[in-house]
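Content type compact mmCIF, C-alpha atoms and all ligand atoms, from the file protein.txt:
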# COMPACT_ATOMS: atom_id res chain seq x y z
CA MET A 163 134.79 135.36 189.03
CA HIS A 164 137.23 133.68 186.71
CA ASN A 165 135.08 132.70 183.78
CA ASP A 166 137.02 132.62 180.58
CA GLU A 167 135.75 130.90 177.40
CA ASN A 168 139.33 129.89 176.53
CA MET A 169 139.89 127.90 179.72
CA GLY A 170 140.55 124.18 179.45
CA PHE A 171 137.84 121.61 180.13
CA GLY A 172 138.96 120.89 183.71
CA SER A 173 139.09 124.59 184.58
CA LYS A 174 135.65 125.20 183.12
CA ALA A 175 134.30 122.19 185.03
CA VAL A 176 135.44 123.91 188.23
CA HIS A 177 134.66 127.56 187.46
CA ALA A 178 132.22 128.09 184.57
CA GLY A 179 129.05 129.94 185.45
CA ALA A 180 130.05 130.77 189.03
CA ILE A 181 128.19 133.69 190.62
CA ASP A 182 130.02 135.79 193.19
CA CYS A 183 127.70 136.54 196.07
CA LEU A 184 129.16 138.65 198.92
CA GLY A 185 132.57 137.22 197.99
CA SER A 186 131.55 133.58 198.36
CA ALA A 187 134.01 131.12 196.83
CA VAL A 188 131.11 128.89 195.83
CA THR A 189 127.80 130.07 194.41
CA PRO A 190 125.28 129.78 197.27
CA ILE A 191 122.03 127.84 197.03
CA PHE A 192 119.36 130.38 196.20
CA GLN A 193 116.70 128.48 198.11
CA THR A 194 113.83 130.78 197.19
CA SER A 195 110.72 130.32 195.11
CA THR A 196 110.25 133.98 194.19
CA PHE A 197 112.23 137.23 193.72
CA ARG A 198 111.37 140.75 194.89
CA PHE A 199 111.00 143.50 192.26
CA ARG A 200 112.34 146.98 193.10
CA ASP A 201 109.14 148.58 191.81
CA VAL A 202 106.30 147.94 189.37
CA ASP A 203 108.31 149.10 186.36
CA HIS A 204 111.16 146.74 187.25
CA GLY A 205 108.70 143.84 187.49
CA ALA A 206 107.21 144.76 184.12
CA ARG A 207 110.68 144.95 182.52
CA CYS A 208 111.57 141.49 183.91
CA PHE A 209 108.37 140.01 182.51
CA SER A 210 108.75 141.66 179.10
CA GLY A 211 112.35 140.47 178.85
CA GLU A 212 113.77 144.00 178.58
CA GLU A 213 115.68 143.26 181.76
CA ASN A 214 117.24 139.92 182.68
CA GLY A 215 115.97 139.79 186.27
CA TYR A 216 114.83 136.71 188.12
CA ILE A 217 111.08 136.38 188.61
CA TYR A 218 110.09 132.96 189.94
CA THR A 219 112.09 129.73 190.35
CA ARG A 220 110.08 127.66 187.85
CA ILE A 221 111.20 130.22 185.25
CA GLY A 222 114.77 130.64 186.51
CA ASN A 223 116.98 130.79 189.60
CA PRO A 224 120.69 131.73 189.94
CA SER A 225 121.71 128.30 191.30
CA ILE A 226 120.12 126.73 188.21
CA THR A 227 121.60 129.34 185.87
CA GLU A 228 125.09 128.57 187.15
CA LEU A 229 124.68 124.89 186.28
CA GLU A 230 123.12 125.69 182.90
CA GLU A 231 125.99 127.98 181.96
CA ALA A 232 128.59 125.46 183.06
CA VAL A 233 127.13 122.56 181.07
CA ALA A 234 126.49 124.75 177.99
CA SER A 235 130.09 125.88 178.13
CA LEU A 236 131.42 122.29 178.44
CA GLU A 237 129.25 121.08 175.52
CA GLY A 238 130.03 124.13 173.36
CA GLY A 239 126.37 125.18 173.16
CA CYS A 240 124.79 128.63 173.13
CA GLY A 241 122.62 127.81 176.14
CA SER A 242 121.03 125.01 178.09
CA VAL A 243 117.91 124.24 180.07
CA ALA A 244 118.23 122.24 183.31
CA VAL A 245 115.26 120.06 184.20
CA SER A 246 114.10 117.77 186.99
CA SER A 247 115.28 114.46 185.46
CA GLY A 248 116.81 112.90 182.39
CA MET A 249 113.32 111.90 181.24
CA ALA A 250 112.18 115.52 181.63
CA ALA A 251 115.09 116.38 179.30
CA VAL A 252 113.99 113.73 176.78
CA ASN A 253 110.39 114.99 176.89
CA THR A 254 111.50 118.62 176.60
CA VAL A 255 113.21 117.66 173.34
CA TYR A 256 110.31 115.53 172.05
CA MET A 257 107.78 118.27 172.85
CA THR A 258 109.93 120.98 171.28
CA PHE A 259 110.25 119.24 167.91
CA LEU A 260 107.30 116.84 167.61
CA SER A 261 103.59 117.59 167.26
CA GLN A 262 100.55 116.03 165.65
CA GLY A 263 101.38 114.51 162.27
CA LYS A 264 105.15 114.54 162.82
CA HIS A 265 107.50 111.57 162.77
CA LEU A 266 110.56 110.63 164.80
CA VAL A 267 113.46 108.45 163.65
CA ALA A 268 115.45 107.01 166.54
CA HIS A 269 117.98 104.30 167.29
CA ASN A 270 116.31 101.03 168.30
CA SER A 271 118.23 100.51 171.54
CA LEU A 272 117.72 103.57 173.75
CA TYR A 273 117.35 104.17 177.44
CA GLY A 274 114.14 102.15 178.07
CA PRO A 275 111.64 104.98 178.76
CA SER A 276 113.04 107.17 175.94
CA ARG A 277 111.63 104.55 173.57
CA GLY A 278 108.78 103.54 175.90
CA VAL A 279 107.10 107.00 175.94
CA MET A 280 107.18 107.10 172.14
CA GLU A 281 105.31 103.81 172.01
CA SER A 282 102.89 104.34 174.92
CA ILE A 283 102.22 108.09 175.22
CA TYR A 284 103.08 110.09 172.08
CA PRO A 285 100.79 108.14 169.69
CA LYS A 286 97.89 109.69 171.68
CA TYR A 287 99.09 113.09 170.45
CA GLY A 288 99.41 111.92 166.85
CA VAL A 289 103.21 111.51 166.80
CA GLU A 290 104.65 108.56 164.86
CA SER A 291 108.04 106.96 165.31
CA SER A 292 110.42 104.51 163.61
CA PHE A 293 113.14 102.73 165.56
CA VAL A 294 116.00 101.50 163.41
CA ASP A 295 119.52 100.22 163.92
CA ALA A 296 121.22 103.61 163.56
CA THR A 297 124.70 102.10 163.91
CA ASP A 298 124.20 101.65 160.14
CA THR A 299 123.77 105.21 158.83
CA GLU A 300 121.90 103.95 155.74
CA ASN A 301 119.07 102.68 157.96
CA VAL A 302 118.55 106.24 159.20
CA ARG A 303 118.50 107.62 155.66
CA ASN A 304 115.91 105.00 154.62
CA ALA A 305 113.65 105.66 157.61
CA ILE A 306 113.29 109.40 156.95
CA LYS A 307 109.82 110.41 155.71
CA ASP A 308 108.37 113.71 154.52
CA ASN A 309 107.02 114.38 158.01
CA THR A 310 110.19 113.42 159.92
CA ALA A 311 110.82 116.25 162.37
CA LEU A 312 113.56 114.86 164.61
CA ILE A 313 116.36 112.30 164.54
CA TYR A 314 117.17 111.02 167.99
CA LEU A 315 120.39 109.17 168.79
CA GLU A 316 121.94 107.80 171.93
CA THR A 317 125.60 106.87 171.49
CA PRO A 318 126.96 104.68 172.94
CA ALA A 319 123.48 103.21 173.23
CA ASN A 320 121.99 101.87 176.40
CA PRO A 321 122.49 98.97 176.97
CA THR A 322 123.88 97.50 173.73
CA MET A 323 126.86 99.89 173.46
CA GLY A 324 126.11 100.42 169.75
CA ILE A 325 127.87 103.50 168.38
CA MET A 326 126.35 105.83 165.80
CA ASP A 327 128.26 108.05 163.39
CA ILE A 328 127.01 111.45 164.60
CA GLU A 329 128.72 113.43 161.84
CA ALA A 330 127.45 111.27 158.97
CA ILE A 331 123.88 111.14 160.32
CA CYS A 332 123.81 114.93 160.87
CA LYS A 333 124.90 115.45 157.27
CA ILE A 334 121.98 113.37 155.97
CA ALA A 335 119.52 115.03 158.36
CA HIS A 336 120.61 118.54 157.54
CA GLU A 337 120.21 118.00 153.79
CA ARG A 338 116.50 117.76 154.67
CA ASN A 339 116.52 120.38 157.44
CA ILE A 340 115.81 117.81 160.14
CA PRO A 341 117.32 118.54 163.57
CA VAL A 342 119.38 115.89 165.34
CA CYS A 343 119.42 115.28 169.10
CA VAL A 344 122.06 113.15 170.82
CA ASP A 345 121.61 111.70 174.31
CA ASN A 346 125.21 112.07 175.51
CA THR A 347 124.64 110.58 178.98
CA PHE A 348 127.06 107.64 178.58
CA CYS A 349 129.96 109.91 177.60
CA SER A 350 129.39 113.27 179.25
CA PRO A 351 130.90 116.28 177.45
CA TYR A 352 134.31 115.17 178.67
CA LEU A 353 134.40 112.21 176.26
CA GLN A 354 132.14 113.35 173.41
CA GLN A 355 130.86 116.69 172.13
CA PRO A 356 128.03 116.03 169.68
CA LEU A 357 127.39 119.72 168.87
CA ALA A 358 130.88 119.98 167.37
CA LEU A 359 130.05 116.94 165.21
CA GLY A 360 126.93 118.64 163.84
CA ALA A 361 124.15 117.82 166.30
CA ASP A 362 121.61 120.57 167.06
CA VAL A 363 120.71 119.47 170.58
CA VAL A 364 122.42 117.38 173.26
CA LEU A 365 120.79 116.02 176.36
CA HIS A 366 121.94 114.36 179.56
CA SER A 367 120.56 112.51 182.46
CA MET A 368 122.67 114.47 184.97
CA THR A 369 121.74 111.74 187.45
CA LYS A 370 124.65 109.86 185.88
CA PHE A 371 128.17 111.14 185.13
CA ILE A 372 127.55 114.90 185.39
CA ASN A 373 126.49 114.77 189.02
CA GLY A 374 128.30 111.49 189.54
CA HIS A 375 127.47 110.78 193.17
CA ALA A 376 124.16 108.89 192.97
CA ASP A 377 122.46 111.47 195.21
CA ILE A 378 120.24 113.47 192.84
CA VAL A 379 118.04 112.96 189.78
CA GLY A 380 118.36 115.62 187.10
CA GLY A 381 118.54 116.37 183.40
CA ILE A 382 119.68 119.03 180.95
CA VAL A 383 119.21 119.95 177.29
CA VAL A 384 121.91 121.97 175.50
CA ALA A 385 121.18 123.85 172.27
CA LYS A 386 123.66 124.83 169.60
CA GLU A 387 121.60 127.83 168.48
CA LYS A 388 119.59 130.55 170.13
CA ASP A 389 116.24 129.91 168.48
CA ILE A 390 116.13 126.23 169.56
CA TYR A 391 117.27 127.28 173.04
CA THR A 392 114.31 129.68 173.30
CA ARG A 393 111.85 126.96 172.25
CA LEU A 394 113.33 124.44 174.72
CA ARG A 395 113.09 126.96 177.54
CA ALA A 396 109.43 127.69 176.76
CA ILE A 397 108.58 123.99 177.09
CA MET A 398 110.52 123.69 180.37
CA VAL A 399 108.88 126.76 181.93
CA ASN A 400 105.33 125.99 180.79
CA MET A 401 105.39 122.25 181.48
CA GLY A 402 106.97 122.80 184.92
CA PHE A 403 109.96 120.57 184.15
CA ASN A 404 112.35 122.83 186.13
CA MET A 405 115.05 121.70 188.54
CA ASP A 406 115.03 122.73 192.13
CA PRO A 407 117.85 125.03 193.34
CA HIS A 408 119.26 122.57 195.86
CA GLN A 409 119.30 119.79 193.27
CA ALA A 410 121.05 122.18 190.85
CA TRP A 411 123.61 123.19 193.48
CA LEU A 412 124.52 119.57 194.28
CA THR A 413 124.80 118.82 190.57
CA ARG A 414 127.07 121.82 190.00
CA ARG A 415 129.27 120.55 192.84
CA GLY A 416 129.42 117.05 191.35
CA LEU A 417 130.32 118.47 187.94
CA LYS A 418 133.50 120.06 189.31
CA THR A 419 135.24 116.67 189.49
CA LEU A 420 133.82 115.21 186.26
CA PRO A 421 137.17 114.88 184.41
CA ILE A 422 139.02 113.19 187.25
CA ARG A 423 136.11 110.87 188.06
CA ILE A 424 135.81 109.77 184.43
CA ASP A 425 139.58 109.34 184.02
CA ARG A 426 139.63 106.98 186.97
CA ALA A 427 136.42 105.06 186.12
CA GLN A 428 137.58 104.66 182.52
CA GLU A 429 141.02 103.43 183.54
CA ASN A 430 139.24 100.84 185.71
CA ALA A 431 136.77 99.94 182.94
CA ILE A 432 139.54 99.18 180.43
CA LYS A 433 141.03 96.66 182.89
CA VAL A 434 137.64 95.16 183.81
CA ALA A 435 136.69 94.77 180.11
CA GLU A 436 140.00 92.98 179.40
CA PHE A 437 139.50 90.73 182.43
CA LEU A 438 135.97 89.80 181.30
CA GLU A 439 136.99 89.24 177.70
CA ASN A 440 139.63 86.74 178.79
CA HIS A 441 137.44 84.89 181.30
CA PRO A 442 136.39 81.38 180.17
CA LYS A 443 132.79 81.78 181.42
CA VAL A 444 132.19 84.96 179.42
CA GLU A 445 130.56 84.59 175.99
CA TRP A 446 131.11 88.16 174.77
CA VAL A 447 131.94 91.67 175.99
CA LEU A 448 130.89 94.93 174.34
CA TYR A 449 133.12 97.84 175.29
CA PRO A 450 134.19 100.61 172.89
CA GLY A 451 137.79 100.29 174.10
CA LEU A 452 138.10 96.66 172.96
CA LYS A 453 139.15 95.89 169.38
CA SER A 454 136.31 93.34 169.32
CA HIS A 455 133.70 96.15 169.47
CA PRO A 456 132.00 96.37 166.04
CA GLN A 457 132.44 100.16 165.91
CA TYR A 458 135.87 100.30 167.56
CA GLU A 459 137.34 102.60 164.87
CA LEU A 460 134.34 104.97 164.93
CA ALA A 461 134.52 105.11 168.73
CA LYS A 462 138.19 106.06 168.53
CA ARG A 463 137.41 108.84 166.08
CA GLN A 464 134.29 110.20 167.74
CA MET A 465 134.99 109.76 171.46
CA LYS A 466 137.92 110.99 173.51
CA GLY A 467 137.91 107.69 175.42
CA PRO A 468 135.87 104.48 175.67
CA GLY A 469 134.09 105.43 178.92
CA ALA A 470 133.10 103.35 181.92
CA MET A 471 130.12 101.29 180.70
CA ILE A 472 130.47 97.61 179.79
CA THR A 473 127.91 95.11 178.53
CA PHE A 474 128.58 91.38 178.59
CA CYS A 475 126.96 87.97 178.47
CA LEU A 476 127.94 84.71 180.13
CA LYS A 477 128.18 81.40 178.27
CA GLY A 478 125.58 80.04 180.71
CA GLY A 479 123.12 82.77 179.57
CA LEU A 480 120.45 84.19 181.85
CA GLU A 481 120.74 81.57 184.63
CA ALA A 482 124.49 82.02 184.99
CA GLY A 483 124.04 85.80 184.80
CA LYS A 484 121.55 85.74 187.68
CA LYS A 485 124.01 83.76 189.81
CA LEU A 486 126.73 86.27 189.03
CA MET A 487 124.49 89.24 189.92
CA ASN A 488 123.37 87.56 193.15
CA ASN A 489 126.95 86.88 194.22
CA VAL A 490 128.76 90.17 193.71
CA HIS A 491 129.37 92.19 196.87
CA LEU A 492 131.33 95.32 195.98
CA ALA A 493 129.30 95.90 192.81
CA MET A 494 125.81 96.95 193.83
CA LEU A 495 122.83 95.29 192.15
CA ALA A 496 121.15 98.54 191.16
CA VAL A 497 120.08 100.52 188.10
CA SER A 498 121.69 103.85 187.15
CA LEU A 499 125.30 104.47 186.20
CA GLY A 500 127.97 107.15 186.05
CA GLY A 501 128.43 107.37 189.81
CA ILE A 502 131.52 106.80 191.90
CA GLU A 503 130.29 103.32 192.83
CA THR A 504 130.26 100.19 190.66
CA LEU A 505 126.76 98.99 189.72
CA ILE A 506 125.51 95.87 187.96
CA GLN A 507 122.04 95.29 186.50
CA HIS A 508 119.98 93.11 184.19
CA PRO A 509 118.28 95.19 181.43
CA ALA A 510 115.78 92.52 180.25
CA SER A 511 114.15 92.25 183.70
CA MET A 512 114.91 95.76 184.97
CA THR A 513 115.58 98.94 182.91
CA HIS A 514 114.18 97.55 179.63
CA SER A 515 111.44 95.27 181.02
CA LYS A 516 108.65 97.63 179.89
CA LEU A 517 109.57 97.15 176.22
CA SER A 518 107.99 94.25 174.38
CA LYS A 519 110.16 91.14 174.02
CA GLU A 520 110.20 91.70 170.23
CA ALA A 521 111.36 95.31 170.66
CA ARG A 522 114.12 94.14 173.01
CA GLU A 523 115.24 91.33 170.76
CA SER A 524 115.23 93.40 167.58
CA ALA A 525 117.37 95.95 169.42
CA GLY A 526 119.85 93.29 170.61
CA ILE A 527 118.80 93.42 174.29
CA THR A 528 118.96 89.67 174.88
CA ASP A 529 117.90 87.99 178.14
CA GLY A 530 121.48 87.11 179.10
CA LEU A 531 122.85 90.65 178.66
CA ILE A 532 124.34 92.23 181.80
CA ARG A 533 125.17 95.93 182.14
CA PHE A 534 128.14 96.85 184.28
CA ALA A 535 128.79 100.48 185.29
CA VAL A 536 132.36 100.78 186.54
CA GLY A 537 133.02 103.09 189.49
CA ILE A 538 136.14 104.70 190.89
CA GLU A 539 136.99 102.07 193.53
CA ASN A 540 140.32 100.22 193.39
CA VAL A 541 140.22 98.15 190.22
CA GLU A 542 141.78 95.13 191.98
CA ASP A 543 138.73 95.02 194.25
CA ILE A 544 136.26 95.30 191.37
CA ILE A 545 137.98 92.47 189.50
CA ALA A 546 138.32 90.27 192.63
CA ASP A 547 134.59 90.71 193.25
CA LEU A 548 133.75 89.66 189.68
CA ARG A 549 136.22 86.76 189.77
CA GLU A 550 134.67 85.31 192.92
CA ALA A 551 131.11 85.74 191.69
CA LEU A 552 132.02 84.20 188.30
CA GLU A 553 133.25 81.09 190.11
CA LYS A 554 129.71 80.59 191.42
CA ALA A 555 128.03 81.39 188.09
C1 LIG A 601 119.20 107.43 183.06
C2 LIG A 601 119.10 107.79 181.64
C3 LIG A 601 118.07 108.60 181.16
C4 LIG A 601 116.93 109.09 182.05
O1 LIG A 601 117.39 109.86 183.10
P1 LIG A 601 116.66 110.03 184.53
O2 LIG A 601 117.52 111.02 185.20
O3 LIG A 601 116.66 108.68 185.16
O4 LIG A 601 115.27 110.49 184.27
C5 LIG A 601 118.08 108.95 179.82
N1 LIG A 601 119.05 108.52 178.99
C6 LIG A 601 120.05 107.71 179.42
C7 LIG A 601 121.08 107.26 178.45
C8 LIG A 601 120.11 107.33 180.75
O5 LIG A 601 121.10 106.53 181.16
Go ahead and render the structure in this file as structure tokens.
Ligand SMILES: *Cc1c(COP(=O)(O)O)cnc(C)c1O
Amino acid sequence: MHNDENMGFGSKAVHAGAIDCLGSAVTPIFQTSTFRFRDVDHGARCFSGEENGYIYTRIGNPSITELEEAVASLEGGCGSVAVSSGMAAVNTVYMTFLSQGKHLVAHNSLYGPSRGVMESIYPKYGVESSFVDATDTENVRNAIKDNTALIYLETPANPTMGIMDIEAICKIAHERNIPVCVDNTFCSPYLQQPLALGADVVLHSMTKFINGHADIVGGIVVAKEKDIYTRLRAIMVNMGFNMDPHQAWLTRRGLKTLPIRIDRAQENAIKVAEFLENHPKVEWVLYPGLKSHPQYELAKRQMKGPGAMITFCLKGGLEAGKKLMNNVHLAMLAVSLGGIETLIQHPASMTHSKLSKEARESAGITDGLIRFAVGIENVEDIIADLREALEKA
């Protein structure tokens, strides 16, 4: 199969990792839980690692390998580990780097459960954490302690759209040998490649842009170096965080169109953000493509484009926001993002409702904040839908 490291991003998105099976144009779904050994010695060699054969689908499966190779190639990593959900990816990273007595420094506004598990589950295992506004690099430097074992960023952050300087933070972390993980879900490798900026690990909820069709849940962790890759894989295999082959196959299919889906959604988002910013009922809009975004210059330097996620707040606050969300028709009132369809949701009562009100407020997740995930529909329709709903808000 055509699988050349020098191919462009769009070509890799289509071809990377493909496995020719009886001449198939597309890698088939290897819908099997186990693999037959030729003889006892072959089985022993597969288990010892002397031979790279497949053993059992929790450990590995060709449909999953294809996806892992494709995403690793797009992120510029040495390898990746596909898992059953974005949260399985987050926990694979936490469990790889954190153990009793260790400390995590993370941005204060993350995907809700990425912060939630640190506050509700990991303290039971003796892991401490500090959540700081990492859009100011100095806050990260000041939060590092002797036992800090991981710095965890999500940029742009969910849902505040805060942008962190990956390169500057990695420099500080690496002076103290602390690994840095970036949740790259909002960008996908098409718009941002954290490993090239110094990060050690990148993760994705593939439920979002990578699959892009709102029909699977999945996650992946990409490592820059072999030794971290090996540790990540051991957690995945032993915790049973693996993907299923059919889920991997659908995700690999979705990934093929990633660049053209993002180009279109982003083109739409730029117009929607401008429309919102100029609307008299809108108090503020946060979108990395608007000059009004506090880290506009950093976004331009670090990201290939501003993406398709917008956060905004109406002058009428929460009540007006509720009316808007109850009156849109094309935009679906639903959580998730990165799909072909436009979605709208209310973080304070939905995705971030499990965080304490203080945690939300200190992270800038105010009650009136609305998150808008722009899809690939005709932009005129998306704007007309918002315009009509805003009249009722
Ligand atoms: C959705 C999401 C996750 C979690 O992914 P799931 O696939 O829902 O488990 C993690 N990080 C970000 C930024 C997300 O948007």
Taking only C-alpha atoms and all ligand atoms and a cut-off of 9 Å, can you tell me which residues surround ligand LIG 601 (chain A), written as a compact mmCIF listing (two decimals) with C-alpha atoms, keeping the file's coordinate frame?
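Printed below is selection.txt as written:
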# COMPACT_ATOMS: atom_id res chain seq x y z
CA SER A 246 114.10 117.77 186.99
CA SER A 247 115.28 114.46 185.46
CA GLY A 248 116.81 112.90 182.39
CA MET A 249 113.32 111.90 181.24
CA ALA A 250 112.18 115.52 181.63
CA ALA A 251 115.09 116.38 179.30
CA VAL A 252 113.99 113.73 176.78
CA LEU A 272 117.72 103.57 173.75
CA TYR A 273 117.35 104.17 177.44
CA GLY A 274 114.14 102.15 178.07
CA PRO A 275 111.64 104.98 178.76
CA SER A 276 113.04 107.17 175.94
CA GLU A 316 121.94 107.80 171.93
CA THR A 317 125.60 106.87 171.49
CA PRO A 318 126.96 104.68 172.94
CA ALA A 319 123.48 103.21 173.23
CA ASN A 320 121.99 101.87 176.40
CA PRO A 321 122.49 98.97 176.97
CA ASP A 345 121.61 111.70 174.31
CA ASN A 346 125.21 112.07 175.51
CA THR A 347 124.64 110.58 178.98
CA PHE A 348 127.06 107.64 178.58
CA LEU A 365 120.79 116.02 176.36
CA HIS A 366 121.94 114.36 179.56
CA SER A 367 120.56 112.51 182.46
CA MET A 368 122.67 114.47 184.97
CA THR A 369 121.74 111.74 187.45
CA LYS A 370 124.65 109.86 185.88
CA ILE A 378 120.24 113.47 192.84
CA VAL A 379 118.04 112.96 189.78
CA GLY A 380 118.36 115.62 187.10
CA GLY A 381 118.54 116.37 183.40
CA VAL A 497 120.08 100.52 188.10
CA SER A 498 121.69 103.85 187.15
CA LEU A 499 125.30 104.47 186.20
CA GLY A 500 127.97 107.15 186.05
Review point. Between A:His265, A:Arg549, A:Lys333, A:Arg277, which one has atoms that come closest to Ala305 (chain A), using only C-alpha atoms?
Key: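 Ranked by minimum distance to Ala305 (chain A), first place goes to A:His265.
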Practice item. Dump as a ChimeraX atom specification all residues having an atom at most 10 Å from (114.8, 88.8, 175.4), computed in the file's coordinates with only C-alpha atoms. Key: /A:480,509-511,514-515,517-531
Mind writing the picked residues with C-alpha atoms as a compact mmCIF listing (two decimals), in the frame of the given file?
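Result file is out_16.txt:
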# COMPACT_ATOMS: atom_id res chain seq x y z
CA LEU A 480 120.45 84.19 181.85
CA PRO A 509 118.28 95.19 181.43
CA ALA A 510 115.78 92.52 180.25
CA SER A 511 114.15 92.25 183.70
CA HIS A 514 114.18 97.55 179.63
CA SER A 515 111.44 95.27 181.02
CA LEU A 517 109.57 97.15 176.22
CA SER A 518 107.99 94.25 174.38
CA LYS A 519 110.16 91.14 174.02
CA GLU A 520 110.20 91.70 170.23
CA ALA A 521 111.36 95.31 170.66
CA ARG A 522 114.12 94.14 173.01
CA GLU A 523 115.24 91.33 170.76
CA SER A 524 115.23 93.40 167.58
CA ALA A 525 117.37 95.95 169.42
CA GLY A 526 119.85 93.29 170.61
CA ILE A 527 118.80 93.42 174.29
CA THR A 528 118.96 89.67 174.88
CA ASP A 529 117.90 87.99 178.14
CA GLY A 530 121.48 87.11 179.10
CA LEU A 531 122.85 90.65 178.66
Check your understanding: So how many Å separate CA of Cys240 (chain A) and CA of Ile334 (chain A), to one decimal?
Key -> 23.1 Å
**Study point:** Residue nearest Gly238 (chain A) among A:Gly360, A:Pro285, A:Gly222, A:Pro407 (counting only C-alpha atoms)
**Key:** A:Gly360
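Minimum atom-to-atom distances from A:Leu353, A:Ala427, A:Ala234, A:Ala546 to Lys462 (chain A) were compared using only C-alpha atoms, and the lowest value belongs to A:Leu353.
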Review point. If we count all atoms listed in the file, what is near Ile432 (chain A) at a cut-off of 12 Å, once residues fewer than 6 positions away on the same chain are taken out, given as a ChimeraX atom specification?
Key: /A:424-426,438-439,447-453,467-472,535-537,541,545
Point to revise | region 371-373 of chain A environment, 7 Å, all atoms listed in the file, sequence neighbours closer than 4 positions dropped, as a PyMOL selection string | key: chain A and resi 350+413+416-417+420+500-501
Practice item. Compare A:Cys475, A:Ile226, A:Ile313, A:Val294 by their minimum atom-to-atom distance to Pro442 (chain A), counting only C-alpha atoms, and give me the closest one. Key: A:Cys475
Review point. Please, which residues are within 12 Å of (116.4, 122.5, 160.1) by the file's coordinates, counting only C-alpha atoms, and could they come as a ChimeraX atom specification?
Key: /A:259,310-313,332-343,360-363,387,389-390
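Reported to one decimal place, the separation of CA of Lys264 (chain A) from CA of Asp308 (chain A) is 8.9 Å.
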Point to revise | Test item: residues at most 12 Å from Arg415 (chain A), all atoms listed in the file, excluding those fewer than 6 positions along its chain, as a list in words | key: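 Within the cut-off, the hits are Ala175, Val176, His177, Ala178, Gly179, Ala180, Val188, Thr189, Pro190, Ile191, Ser225, Ile226, Glu228, Leu229, Ala232, Met368, Ile372, Asn373, Gly374, His375, Asp377, Ile378, His408 and Gln409 of chain A.
Going from CA of Tyr256 (chain A) over to CA of Lys388 (chain A), you cover 17.8 Å.
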Review point. Looking at A:Leu412, A:Ala493, A:Leu486, A:Ala296, which one is nearest to Ala376 (chain A), with distances taken over all atoms listed in the file?
Key: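 Going through A:Leu412, A:Ala493, A:Leu486, A:Ala296 one by one, the smallest distance to Ala376 (chain A) is for A:Leu412.
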Point to revise | Counting only C-alpha atoms, the option among A:Val289, A:Leu460, A:Ala551, A:Met326 closest to Asn309 (chain A) | key: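 Distance minimum relative to Asn309 (chain A) lands on A:Val289.
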Practice item. For region 199-208 of chain A, work out the shell of residues within 12 Å, counting all atoms listed in the file and skipping chain neighbours fewer than 4 positions away, then give it as a list in words. Key: Glu212, Glu213, Asn214, Gly215, Tyr216, Ile217, Tyr218, Ile221 and Gly222 of chain A
